$ cat start.cif   # mmCIF, C-alpha atoms
data_query
#
loop_
_atom_site.group_PDB
_atom_site.id
_atom_site.type_symbol
_atom_site.label_atom_id
_atom_site.label_comp_id
_atom_site.auth_asym_id
_atom_site.auth_seq_id
_atom_site.Cartn_x
_atom_site.Cartn_y
_atom_site.Cartn_z
ATOM 1 C CA MET A 14 -45.631 6.939 11.003
ATOM 2 C CA SER A 15 -45.410 4.388 13.818
ATOM 3 C CA TRP A 16 -42.778 4.330 16.544
ATOM 4 C CA THR A 17 -42.092 0.690 15.703
ATOM 5 C CA LEU A 18 -40.792 1.654 12.266
ATOM 6 C CA ILE A 19 -38.500 4.305 13.799
ATOM 7 C CA TRP A 20 -37.083 1.835 16.342
ATOM 8 C CA GLN A 21 -36.621 -0.787 13.630
ATOM 9 C CA THR A 22 -34.683 1.726 11.531
ATOM 10 C CA VAL A 23 -32.445 2.606 14.490
ATOM 11 C CA GLY A 24 -31.977 -1.110 15.179
ATOM 12 C CA VAL A 25 -31.006 -1.741 11.548
ATOM 13 C CA ILE A 26 -28.353 0.980 11.695
ATOM 14 C CA VAL A 27 -26.939 -0.197 15.031
ATOM 15 C CA PHE A 28 -26.966 -3.913 14.149
ATOM 16 C CA GLY A 29 -25.642 -3.264 10.630
ATOM 17 C CA THR A 30 -22.772 -1.181 12.006
ATOM 18 C CA LEU A 31 -21.980 -3.923 14.533
ATOM 19 C CA LEU A 32 -21.969 -6.600 11.820
ATOM 20 C CA LEU A 33 -19.720 -4.535 9.544
ATOM 21 C CA ARG A 34 -17.384 -3.884 12.485
ATOM 22 C CA ILE A 35 -17.149 -7.638 13.113
ATOM 23 C CA ALA A 36 -16.640 -8.277 9.387
ATOM 24 C CA GLY A 37 -13.481 -6.144 9.328
ATOM 25 C CA ARG A 38 -12.054 -2.801 8.312
ATOM 26 C CA LYS A 39 -10.994 -3.360 4.731
ATOM 27 C CA SER A 40 -11.688 -1.020 1.872
ATOM 28 C CA ILE A 41 -13.367 -2.422 -1.242
ATOM 29 C CA SER A 42 -10.005 -2.624 -3.061
ATOM 30 C CA GLN A 43 -8.575 -4.837 -0.285
ATOM 31 C CA MET A 44 -11.521 -7.244 -0.113
ATOM 32 C CA THR A 45 -11.610 -10.693 -1.624
ATOM 33 C CA MET A 46 -14.493 -11.638 -3.912
ATOM 34 C CA ALA A 47 -16.164 -13.557 -1.083
ATOM 35 C CA GLN A 48 -15.978 -10.505 1.187
ATOM 36 C CA VAL A 49 -17.469 -8.243 -1.482
ATOM 37 C CA ILE A 50 -20.344 -10.712 -2.000
ATOM 38 C CA VAL A 51 -20.990 -10.857 1.766
ATOM 39 C CA MET A 52 -20.981 -7.044 2.019
ATOM 40 C CA ILE A 53 -23.414 -6.706 -0.889
ATOM 41 C CA GLY A 54 -25.586 -9.408 0.690
ATOM 42 C CA LEU A 55 -25.488 -7.619 4.045
ATOM 43 C CA GLY A 56 -26.544 -4.367 2.444
ATOM 44 C CA THR A 57 -29.484 -6.058 0.784
ATOM 45 C CA LEU A 58 -30.494 -8.058 3.859
ATOM 46 C CA ILE A 59 -30.224 -5.267 6.398
ATOM 47 C CA ILE A 60 -32.796 -3.141 4.605
ATOM 48 C CA GLN A 61 -35.381 -5.993 4.587
ATOM 49 C CA PRO A 62 -36.894 -5.321 8.068
ATOM 50 C CA ILE A 63 -37.857 -1.800 7.024
ATOM 51 C CA THR A 64 -39.629 -3.093 3.926
ATOM 52 C CA GLY A 65 -41.604 -5.542 6.067
ATOM 53 C CA SER A 66 -39.806 -8.888 5.689
ATOM 54 C CA GLY A 67 -39.325 -9.709 9.377
ATOM 55 C CA TYR A 68 -36.937 -8.096 11.790
ATOM 56 C CA TRP A 69 -35.186 -10.920 13.670
ATOM 57 C CA PRO A 70 -34.974 -13.503 10.864
ATOM 58 C CA THR A 71 -33.235 -10.900 8.707
ATOM 59 C CA PHE A 72 -30.670 -10.120 11.410
ATOM 60 C CA LEU A 73 -30.094 -13.841 11.923
ATOM 61 C CA LEU A 74 -29.378 -14.337 8.208
ATOM 62 C CA ALA A 75 -27.047 -11.308 8.182
ATOM 63 C CA ALA A 76 -25.163 -12.722 11.180
ATOM 64 C CA VAL A 77 -24.850 -16.097 9.396
ATOM 65 C CA LEU A 78 -23.333 -14.287 6.386
ATOM 66 C CA VAL A 79 -20.710 -12.608 8.583
ATOM 67 C CA ILE A 80 -19.933 -15.852 10.452
ATOM 68 C CA VAL A 81 -19.445 -17.735 7.160
ATOM 69 C CA MET A 82 -17.151 -14.966 5.909
ATOM 70 C CA ILE A 83 -15.056 -15.093 9.109
ATOM 71 C CA LEU A 84 -14.886 -18.893 8.841
ATOM 72 C CA MET A 85 -13.677 -18.619 5.231
ATOM 73 C CA GLU A 86 -10.991 -16.101 6.267
ATOM 74 C CA TYR A 87 -9.874 -18.453 9.037
ATOM 75 C CA LEU A 88 -9.624 -21.344 6.558
ATOM 76 C CA GLU A 89 -7.626 -19.130 4.184
ATOM 77 C CA ILE A 90 -5.117 -18.486 6.986
ATOM 78 C CA LYS A 91 -4.855 -22.200 7.793
ATOM 79 C CA SER A 92 -4.725 -23.622 4.258
ATOM 80 C CA ASN A 93 -2.787 -22.347 1.240
ATOM 81 C CA ARG A 94 -4.884 -24.458 -1.100
ATOM 82 C CA PHE A 95 -8.106 -22.994 0.230
ATOM 83 C CA GLU A 96 -6.663 -19.476 -0.007
ATOM 84 C CA ASN A 97 -5.620 -20.048 -3.628
ATOM 85 C CA PHE A 98 -9.062 -21.459 -4.433
ATOM 86 C CA ILE A 99 -11.012 -18.613 -2.810
ATOM 87 C CA THR A 100 -8.706 -15.635 -3.304
ATOM 88 C CA GLY A 101 -6.390 -16.603 -6.131
ATOM 89 C CA LYS A 102 -2.785 -15.489 -6.630
ATOM 90 C CA ALA A 103 -1.000 -12.475 -8.033
ATOM 91 C CA VAL A 104 -0.293 -12.757 -11.760
ATOM 92 C CA THR A 105 3.055 -11.639 -13.193
ATOM 93 C CA VAL A 106 2.602 -9.279 -16.155
ATOM 94 C CA ILE A 107 6.172 -7.969 -16.572
ATOM 95 C CA GLU A 108 9.366 -9.963 -16.138
ATOM 96 C CA ASN A 109 12.837 -8.484 -16.665
ATOM 97 C CA GLY A 110 11.407 -5.492 -18.536
ATOM 98 C CA GLN A 111 9.293 -7.628 -20.912
ATOM 99 C CA VAL A 112 5.493 -7.788 -20.979
ATOM 100 C CA LEU A 113 4.092 -11.318 -20.572
ATOM 101 C CA GLU A 114 1.322 -11.213 -23.156
ATOM 102 C CA GLY A 115 -0.142 -14.622 -22.236
ATOM 103 C CA ASN A 116 -0.751 -13.502 -18.648
ATOM 104 C CA MET A 117 -2.141 -10.184 -19.890
ATOM 105 C CA ARG A 118 -4.688 -12.082 -21.998
ATOM 106 C CA LYS A 119 -5.689 -14.228 -18.993
ATOM 107 C CA LEU A 120 -6.385 -11.060 -17.033
ATOM 108 C CA ARG A 121 -8.066 -9.379 -20.026
ATOM 109 C CA LEU A 122 -5.704 -6.455 -19.447
ATOM 110 C CA THR A 123 -4.631 -4.319 -22.400
ATOM 111 C CA ALA A 124 -1.152 -2.851 -22.812
ATOM 112 C CA ASP A 125 -2.639 0.660 -22.552
ATOM 113 C CA LYS A 126 -4.241 -0.123 -19.185
ATOM 114 C CA LEU A 127 -0.989 -1.641 -17.914
ATOM 115 C CA GLU A 128 0.942 1.438 -19.057
ATOM 116 C CA MET A 129 -1.630 3.636 -17.299
ATOM 117 C CA ARG A 130 -1.074 1.740 -14.037
ATOM 118 C CA LEU A 131 2.692 2.052 -14.451
ATOM 119 C CA ARG A 132 2.418 5.805 -15.030
ATOM 120 C CA GLN A 133 0.244 6.138 -11.923
ATOM 121 C CA ALA A 134 3.071 4.426 -10.012
ATOM 122 C CA GLY A 135 5.582 6.925 -11.446
ATOM 123 C CA ILE A 136 7.175 4.514 -13.941
ATOM 124 C CA SER A 137 7.730 5.904 -17.430
ATOM 125 C CA ARG A 138 9.232 2.853 -19.191
ATOM 126 C CA ILE A 139 8.388 -0.838 -19.029
ATOM 127 C CA SER A 140 12.078 -1.641 -19.564
ATOM 128 C CA ASP A 141 12.835 -0.091 -16.125
ATOM 129 C CA VAL A 142 10.741 -2.763 -14.357
ATOM 130 C CA GLU A 143 12.352 -5.948 -13.027
ATOM 131 C CA TRP A 144 8.947 -7.542 -12.424
ATOM 132 C CA ALA A 145 5.349 -6.428 -12.039
ATOM 133 C CA THR A 146 2.262 -8.278 -10.879
ATOM 134 C CA ILE A 147 -1.442 -7.635 -10.769
ATOM 135 C CA GLU A 148 -2.330 -8.475 -7.193
ATOM 136 C CA VAL A 149 -5.492 -10.269 -6.085
ATOM 137 C CA SER A 150 -6.907 -6.879 -5.069
ATOM 138 C CA GLY A 151 -6.301 -5.579 -8.605
ATOM 139 C CA ASN A 152 -3.459 -3.307 -7.505
ATOM 140 C CA LEU A 153 -0.099 -3.196 -9.280
ATOM 141 C CA GLY A 154 2.899 -4.645 -7.452
ATOM 142 C CA TYR A 155 6.347 -4.056 -8.925
ATOM 143 C CA GLN A 156 10.081 -3.837 -8.399
ATOM 144 C CA LEU A 157 12.314 -1.603 -10.471
ATOM 145 C CA LYS A 158 15.606 -2.818 -11.872
ATOM 146 C CA LEU A 159 18.487 -2.200 -9.492
ATOM 147 C CA GLU A 160 19.951 0.709 -11.451
ATOM 148 C CA LYS A 161 16.510 2.397 -11.677
ATOM 149 C CA GLN A 162 15.628 2.197 -7.980
ATOM 150 C CA PRO A 163 15.715 5.487 -6.072
ATOM 151 C CA ALA A 164 18.513 5.962 -3.556
ATOM 152 C CA THR A 165 17.586 5.497 0.088
ATOM 153 C CA LYS A 166 19.040 7.439 3.002
ATOM 154 C CA GLU A 167 21.141 4.364 3.764
ATOM 155 C CA ASP A 168 22.569 4.379 0.205
ATOM 156 C CA ILE A 169 23.444 8.063 0.476
ATOM 157 C CA GLN A 170 25.086 7.570 3.878
ATOM 158 C CA LYS A 171 27.197 4.707 2.491
ATOM 159 C CA LEU A 172 28.313 6.951 -0.363
ATOM 160 C CA ILE A 173 29.246 9.726 2.063
ATOM 161 C CA ASP A 174 31.230 7.245 4.182
ATOM 162 C CA ILE A 175 33.107 5.992 1.104
ATOM 163 C CA LEU A 176 33.946 9.523 0.003
ATOM 164 C CA GLU A 177 35.137 10.496 3.488
ATOM 165 C CA LYS A 178 37.472 7.472 3.594
ATOM 166 C CA ARG A 179 38.992 8.295 0.190
ATOM 167 C CA ILE A 180 39.720 11.953 1.015
ATOM 168 C CA PRO A 181 42.298 12.173 3.826
ATOM 169 C CA ASN A 182 41.512 14.369 6.792
ATOM 170 C CA THR A 183 43.286 17.657 6.339
ATOM 171 C CA GLU A 184 43.182 20.894 8.255
ATOM 172 C CA PRO A 185 40.624 23.250 6.831
ATOM 173 C CA LEU A 186 42.072 25.796 4.474
ATOM 174 C CA VAL A 187 42.148 29.172 6.225
ATOM 175 C CA PRO A 188 41.872 32.088 3.828
ATOM 176 C CA ASN A 189 44.140 35.049 4.461
ATOM 177 C CA ASN A 190 41.683 37.562 5.927
ATOM 178 C CA ILE A 191 40.923 38.865 9.402
ATOM 179 C CA PHE A 192 37.403 37.476 9.708
ATOM 180 C CA SER A 193 38.281 33.894 8.890
ATOM 181 C CA GLU A 194 41.265 34.003 11.270
ATOM 182 C CA ILE A 195 39.016 35.113 14.117
ATOM 183 C CA LYS A 196 36.507 32.430 13.160
ATOM 184 C CA HIS A 197 39.184 29.723 13.248
ATOM 185 C CA GLY A 198 40.500 30.775 16.664
ATOM 186 C CA HIS A 199 43.279 33.235 15.725
ATOM 187 C CA GLN A 200 42.461 36.280 17.822
ATOM 188 C CA ASN A 201 45.569 38.316 16.936
ATOM 189 C CA PRO A 202 45.564 39.038 13.239
ATOM 190 C CA HIS A 203 48.871 39.657 11.520
ATOM 191 C CA PRO A 204 49.438 43.281 10.557
ATOM 192 C CA SER A 205 49.939 42.212 6.962
ATOM 193 C CA ASN A 206 46.316 41.008 6.865
ATOM 194 C CA LEU A 207 44.954 44.406 7.863
ATOM 195 C CA GLN A 208 46.407 46.172 4.826
#
$ encode --input "start.cif" --output "structure tokens"
Amino acid sequence: MSWTLIWQTVGVIVFGTLLLRIAGRKSISQMTMAQVIVMIGLGTLIIQPITGSGYWPTFLLAAVLVIVMILMEYLEIKSNRFENFITGKAVTVIENGQVLEGNMRKLRLTADKLEMRLRQAGISRISDVEWATIEVSGNLGYQLKLEKQPATKEDIQKLIDILEKRIPNTEPLVPNNIFSEIKHGHQNPHPSNLQ
């Protein structure tokens, strides 16, 4: 085995890591189709120098792939039309507790697969959902109906405040025994309490 091959392998790893770092830190589920294609292309290209297809031309092509991907992401930020063309939009599959079958057909998504995604999100009934979308990443986005949403700490605090306002402030009820009188600041118990 030649030292050149070893150094080329190290170079592939270092340069490939650098290119992927420049490309971004998204998981596969967060990538757009263009990003997935670029990553697959990078994986295929980066291995070429080891198989004998030229070291520097391969790295140049890989760099061009990453630059084009970054340019496309920049254009997506600047133009809604371009973003919609490249990435697409979320598709609504549930509206006001009703499944939108036309949109489900467009996505080629069966009712069973939608129900599976809802169960994974902790939703047991479609009728509890105000709206649900299949995002560009393929993930499920949803909002529960108001009465089915879990209470937040803020909601609970508001409820406590309402209850405290409705019940007038009264002195705490002091039971008639020696220990509670000492606890509430009465150091001299009545003789009747000791019997």
$ residues_near_point --input "start.cif" --point "(3.3, -9.6, -21.2)" --cutoff "12 Å" --atoms "all atoms listed in the file" --output "ChimeraX atom specification"
/A:104-125,127-128,139-140,144-147
$ atom_distance --input "start.cif" --atom1 "CA of Ser137 in chain A" --atom2 "CA of Gly154 in chain A"
15.3 Å
$ atom_distance --input "start.cif" --atom1 "CA of Glu89 in chain A" --atom2 "CA of Leu31 in chain A"
23.3 Å
$ atom_distance --input "start.cif" --atom1 "CA of Tyr155 in chain A" --atom2 "CA of Glu96 in chain A"
22.1 Å
$ closest_residue --input "start.cif" --among "A:Ala47, A:Ile80, A:Leu176, A:Leu157" --to "Gly101 in chain A" --atoms "only C-alpha atoms"
A:Ala47
$ resolve_selection --input "start.cif" --expression "the PyMOL selection byres ((chain A and resi 158) around 7)" --output "JSON, numbers by chain"
{"A": [141, 142, 143, 156, 157, 159, 160, 161, 162]}
$ resolve_selection --input "start.cif" --expression "the PyMOL selection byres ((chain A and resi 98) around 12)" --output "PyMOL selection string"
chain A and resi 45-47+85+88-89+92-97+99-102+149
